[in-house]
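Peer 1: Following this line is start_19.pdb, made up of PDB, C-alpha atoms, pLDDT in the B column:
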```pdb
ATOM      1  CA  MET J 356      85.381  96.912 112.469  1.00 69.00           C
ATOM      2  CA  ASN J 357      83.022  96.248 109.593  1.00 82.00           C
ATOM      3  CA  ILE J 358      84.399  93.862 106.951  1.00 85.00           C
ATOM      4  CA  ASP J 359      82.369  95.420 104.128  1.00 87.00           C
ATOM      5  CA  GLU J 360      83.784  98.860 104.897  1.00 88.00           C
ATOM      6  CA  LEU J 361      87.315  97.480 105.061  1.00 87.00           C
ATOM      7  CA  LYS J 362      86.899  95.781 101.679  1.00 88.00           C
ATOM      8  CA  GLN J 363      86.083  99.159 100.132  1.00 91.00           C
ATOM      9  CA  LYS J 364      89.060 100.910 101.770  1.00 91.00           C
ATOM     10  CA  PRO J 365      92.351 101.014  99.802  1.00 92.00           C
ATOM     11  CA  VAL J 366      95.075  98.847 101.321  1.00 91.00           C
ATOM     12  CA  ALA J 367      97.461 101.820 101.438  1.00 92.00           C
ATOM     13  CA  MET J 368      94.982 103.606 103.728  1.00 92.00           C
ATOM     14  CA  MET J 369      94.537 100.708 106.167  1.00 91.00           C
ATOM     15  CA  THR J 370      96.282 100.408 109.494  1.00 92.00           C
ATOM     16  CA  GLY J 371      98.149  97.221 110.266  1.00 92.00           C
ATOM     17  CA  GLU J 372      95.372  96.159 112.611  1.00 92.00           C
ATOM     18  CA  GLU J 373      92.691  96.618 109.938  1.00 91.00           C
ATOM     19  CA  LEU J 374      94.676  94.679 107.341  1.00 91.00           C
ATOM     20  CA  SER J 375      95.387  91.904 109.819  1.00 92.00           C
ATOM     21  CA  PHE J 376      91.684  91.713 110.764  1.00 91.00           C
ATOM     22  CA  LEU J 377      90.671  91.487 107.094  1.00 89.00           C
ATOM     23  CA  ILE J 378      93.201  88.736 106.352  1.00 90.00           C
ATOM     24  CA  ASP J 379      92.283  86.767 109.491  1.00 90.00           C
ATOM     25  CA  SER J 380      88.560  86.879 108.675  1.00 87.00           C
ATOM     26  CA  ARG J 381      89.197  85.602 105.137  1.00 85.00           C
ATOM     27  CA  MET J 382      91.505  82.822 106.389  1.00 87.00           C
ATOM     28  CA  ALA J 383      88.825  81.670 108.832  1.00 84.00           C
ATOM     29  CA  THR J 384      86.323  81.461 105.961  1.00 81.00           C
ATOM     30  CA  TRP J 385      88.754  79.431 103.852  1.00 80.00           C
ATOM     31  CA  ALA J 386      89.443  77.073 106.742  1.00 79.00           C
ATOM     32  CA  THR J 387      85.752  76.230 107.123  1.00 78.00           C
ATOM     33  CA  GLU J 388      85.381  75.721 103.358  1.00 72.00           C
ATOM     34  CA  ILE J 389      88.381  73.377 103.245  1.00 71.00           C
ATOM     35  CA  ALA J 390      87.128  71.425 106.259  1.00 70.00           C
ATOM     36  CA  SER J 391      83.736  70.861 104.644  1.00 66.00           C
ATOM     37  CA  LEU J 392      85.331  69.705 101.387  1.00 59.00           C
ATOM     38  CA  SER J 393      87.703  67.289 103.120  1.00 61.00           C
ATOM     39  CA  GLN J 394      84.790  65.540 104.861  1.00 68.00           C
ATOM     40  CA  LYS J 395      83.080  64.752 101.583  1.00 71.00           C
ATOM     41  CA  ARG J 396      84.203  61.517  99.946  1.00 84.00           C
ATOM     42  CA  ILE J 397      83.904  61.706  96.170  1.00 87.00           C
ATOM     43  CA  TYR J 398      84.556  58.733  93.881  1.00 92.00           C
ATOM     44  CA  TYR J 399      84.511  58.392  90.115  1.00 93.00           C
ATOM     45  CA  GLY J 400      83.203  55.648  87.850  1.00 93.00           C
ATOM     46  CA  ILE J 401      82.284  52.043  88.437  1.00 94.00           C
ATOM     47  CA  GLU J 402      85.722  51.607  90.015  1.00 95.00           C
ATOM     48  CA  GLY J 403      84.714  54.214  92.592  1.00 94.00           C
ATOM     49  CA  ILE J 404      81.613  52.204  93.502  1.00 93.00           C
ATOM     50  CA  ALA J 405      83.835  49.141  93.826  1.00 93.00           C
ATOM     51  CA  GLN J 406      86.123  51.070  96.209  1.00 92.00           C
ATOM     52  CA  ILE J 407      83.205  52.309  98.320  1.00 91.00           C
ATOM     53  CA  PHE J 408      81.739  48.850  98.845  1.00 90.00           C
ATOM     54  CA  GLY J 409      84.978  46.858  98.673  1.00 90.00           C
ATOM     55  CA  CYS J 410      83.723  44.661  95.854  1.00 91.00           C
ATOM     56  CA  SER J 411      84.623  43.709  92.297  1.00 93.00           C
ATOM     57  CA  VAL J 412      83.830  45.869  89.280  1.00 94.00           C
ATOM     58  CA  PRO J 413      81.078  43.496  88.018  1.00 96.00           C
ATOM     59  CA  THR J 414      79.414  43.606  91.443  1.00 93.00           C
ATOM     60  CA  ALA J 415      79.752  47.403  91.472  1.00 93.00           C
ATOM     61  CA  ASN J 416      78.027  47.459  88.088  1.00 94.00           C
ATOM     62  CA  ARG J 417      75.138  45.400  89.520  1.00 93.00           C
ATOM     63  CA  ILE J 418      74.904  47.775  92.500  1.00 92.00           C
ATOM     64  CA  LYS J 419      74.637  50.753  90.139  1.00 91.00           C
ATOM     65  CA  LYS J 420      72.040  49.031  87.975  1.00 93.00           C
ATOM     66  CA  SER J 421      69.967  48.052  91.036  1.00 92.00           C
ATOM     67  CA  GLY J 422      69.081  51.721  91.588  1.00 90.00           C
ATOM     68  CA  VAL J 423      69.665  51.585  95.345  1.00 91.00           C
ATOM     69  CA  ILE J 424      72.318  54.308  95.297  1.00 92.00           C
ATOM     70  CA  ASP J 425      70.870  56.437  92.473  1.00 91.00           C
ATOM     71  CA  ASP J 426      70.535  59.508  94.715  1.00 92.00           C
ATOM     72  CA  ALA J 427      74.290  59.391  95.425  1.00 92.00           C
ATOM     73  CA  ILE J 428      75.212  59.227  91.727  1.00 91.00           C
ATOM     74  CA  THR J 429      75.557  62.129  89.352  1.00 90.00           C
ATOM     75  CA  GLN J 430      76.092  61.063  85.768  1.00 82.00           C
ATOM     76  CA  ILE J 431      76.877  63.374  82.870  1.00 81.00           C
ATOM     77  CA  ASP J 432      77.181  61.460  79.604  1.00 83.00           C
ATOM     78  CA  ARG J 433      79.647  58.694  80.490  1.00 84.00           C
ATOM     79  CA  GLN J 434      81.208  60.282  83.585  1.00 88.00           C
ATOM     80  CA  ILE J 435      79.931  58.971  86.933  1.00 88.00           C
ATOM     81  CA  VAL J 436      80.517  60.901  90.181  1.00 91.00           C
ATOM     82  CA  ILE J 437      79.517  59.221  93.462  1.00 93.00           C
ATOM     83  CA  ASP J 438      79.113  60.758  96.925  1.00 90.00           C
ATOM     84  CA  GLY J 439      80.622  57.942  98.985  1.00 90.00           C
ATOM     85  CA  ASN J 440      79.015  58.851 102.305  1.00 88.00           C
ATOM     86  CA  LEU J 441      75.532  59.111 100.784  1.00 90.00           C
ATOM     87  CA  ALA J 442      75.980  55.849  98.847  1.00 91.00           C
ATOM     88  CA  LEU J 443      76.847  53.950 102.028  1.00 90.00           C
ATOM     89  CA  GLU J 444      73.932  55.529 103.884  1.00 89.00           C
ATOM     90  CA  LEU J 445      71.470  54.603 101.129  1.00 91.00           C
ATOM     91  CA  ALA J 446      72.797  51.042 100.975  1.00 89.00           C
ATOM     92  CA  LYS J 447      72.391  50.606 104.721  1.00 88.00           C
ATOM     93  CA  LYS J 448      68.823  51.934 104.592  1.00 89.00           C
ATOM     94  CA  ALA J 449      67.889  49.628 101.712  1.00 85.00           C
ATOM     95  CA  GLY J 450      69.475  46.610 103.388  1.00 82.00           C
ATOM     96  CA  THR J 451      70.059  44.933 100.039  1.00 73.00           C
ATOM     97  CA  ILE J 452      73.779  45.591  99.728  1.00 71.00           C
ATOM     98  CA  LYS J 453      76.381  44.199 102.087  1.00 67.00           C
ATOM     99  CA  VAL J 454      78.283  47.001 103.790  1.00 62.00           C
ATOM    100  CA  LYS J 455      81.410  46.213 105.817  1.00 60.00           C
ATOM    101  CA  GLY J 456      80.608  46.118 109.507  1.00 57.00           C
ATOM    102  CA  ASP J 457      76.910  45.549 108.873  1.00 52.00           C
ATOM    103  CA  ASN J 458      75.531  42.172 110.005  1.00 50.00           C
ATOM    104  CA  LYS J 459      72.423  42.304 107.804  1.00 47.00           C
ATOM    105  CA  ALA J 460      73.239  41.579 104.180  1.00 44.00           C
ATOM    106  CA  HIS J 461      71.366  40.427 101.153  1.00 42.00           C
ATOM    107  CA  GLU J 462      72.453  39.664  97.631  1.00 45.00           C
ATOM    108  CA  VAL J 463      72.102  42.352  94.944  1.00 46.00           C
TER     109      VAL J 463
END
```
Can you turn what I pasted into structure tokens?
Peer 2:
Amino acid sequence: MNIDELKQKPVAMMTGEELSFLIDSRMATWATEIASLSQKRIYYGIEGIAQIFGCSVPTANRIKKSGVIDDAITQIDRQIVIDGNLALELAKKAGTIKVKGDNKAHEV
């Protein structure tokens, strides 16, 4: 069965098998989209940076100002959105921010 052909066919003209196939294929697509979204850790604001690194808000502000995690930050006007996984990865690479479970640590 071709999905594109089934999408063009009226539902009243479909057999039960065709309708079931169309619904199952769409549900599989949704499941993969939801799985990819659930793996991404998104945080907001300076408080979000503090949550990622387990530090105080003033320390989170210094981390943001240091520029180490700039690639993980998207800022529109005053709203800050942080990709948590990328921020941790960048901090580990830079080696200047203490990350839990990491023995090497330096002061920001």
Peer 1: If you count all atoms listed in the file, which residues fall within 12 Å of Asn357 of chain J, apart from same-chain ones fewer than 2 positions away, as a list in words?
Peer 2: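 With the cut-off at 12 Å, the set is Asp359, Glu360, Leu361, Lys362, Gln363, Lys364, Glu373, Leu374, Phe376, Leu377 and Ser380 of chain J.
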Peer 1: Find the residue from J:Ile401, J:Ala367, J:Leu445, J:Met382 that sits nearest to Arg433 of chain J; use all atoms listed in the file when measuring.
Peer 2: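 That would be J:Ile401, the residue with the smallest distance to Arg433 of chain J.
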Peer 1: Could you work out how far atom CA of Lys395 of chain J lies from atom CA of Cys410 of chain J, giving the answer in Å with one decimal?
Peer 2: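 Atom CA of Cys410 of chain J sits 20.9 Å away from atom CA of Lys395 of chain J.
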Peer 1: Expand the PyMOL selection byres ((chain J and resi 415) around 9) into the explicit residue set it covers here, and present it as a list in words.
Peer 2: Ile401, Glu402, Gly403, Ile404, Ala405, Gln406, Phe408, Gly409, Cys410, Ser411, Val412, Pro413, Thr414, Asn416, Arg417, Ile418, Lys419 and Lys420 of chain J
Peer 1: So how many Å separate atom CA of Asp432 of chain J and atom CA of Ala449 of chain J, to one decimal?
Peer 2: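 Calculated distance between atom CA of Asp432 of chain J and atom CA of Ala449 of chain J is 26.7 Å.
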Peer 1: For a quick check of understanding, using all atoms listed in the file, which of J:Thr451, J:Asn440, J:Thr370, J:Ser375 has the smallest distance to Asp426 of chain J?
Peer 2: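 Ranked by minimum distance to Asp426 of chain J, first place goes to J:Asn440.
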Peer 1: Near Leu441 of chain J, within 9 Å and counting all atoms listed in the file, which residues show up once chain neighbours fewer than 5 positions away are dropped, as an MDAnalysis selection string?
Peer 2: chainID J and resid 424 426:427 446
Peer 1: Please, what is the axis-aligned box for every listed atom of segment 369-382 of chain J with 6 Å on each side, as centre and edge lengths in Å to one decimal, as AutoDock Vina command-line options?
Peer 2:
```
--center_x 93.4 --center_y 91.8 --center_z 108.9 --size_x 21.6 --size_y 29.9 --size_z 19.5
```
Peer 1: Expressed in Å to a single decimal, how great is the separation between atom CA of Gly450 of chain J and atom CA of Ile397 of chain J?
Peer 2: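 If I compute the distance from atom CA of Gly450 of chain J to atom CA of Ile397 of chain J, I get 22.1 Å.
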Peer 1: Using all atoms listed in the file for the distances, tell me which of J:Ile435, J:Ile407, J:Ala383, J:Ile452 is nearest to Val423 of chain J.
Peer 2: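 Using all atoms listed in the file, the shortest distance to Val423 of chain J belongs to J:Ile452.
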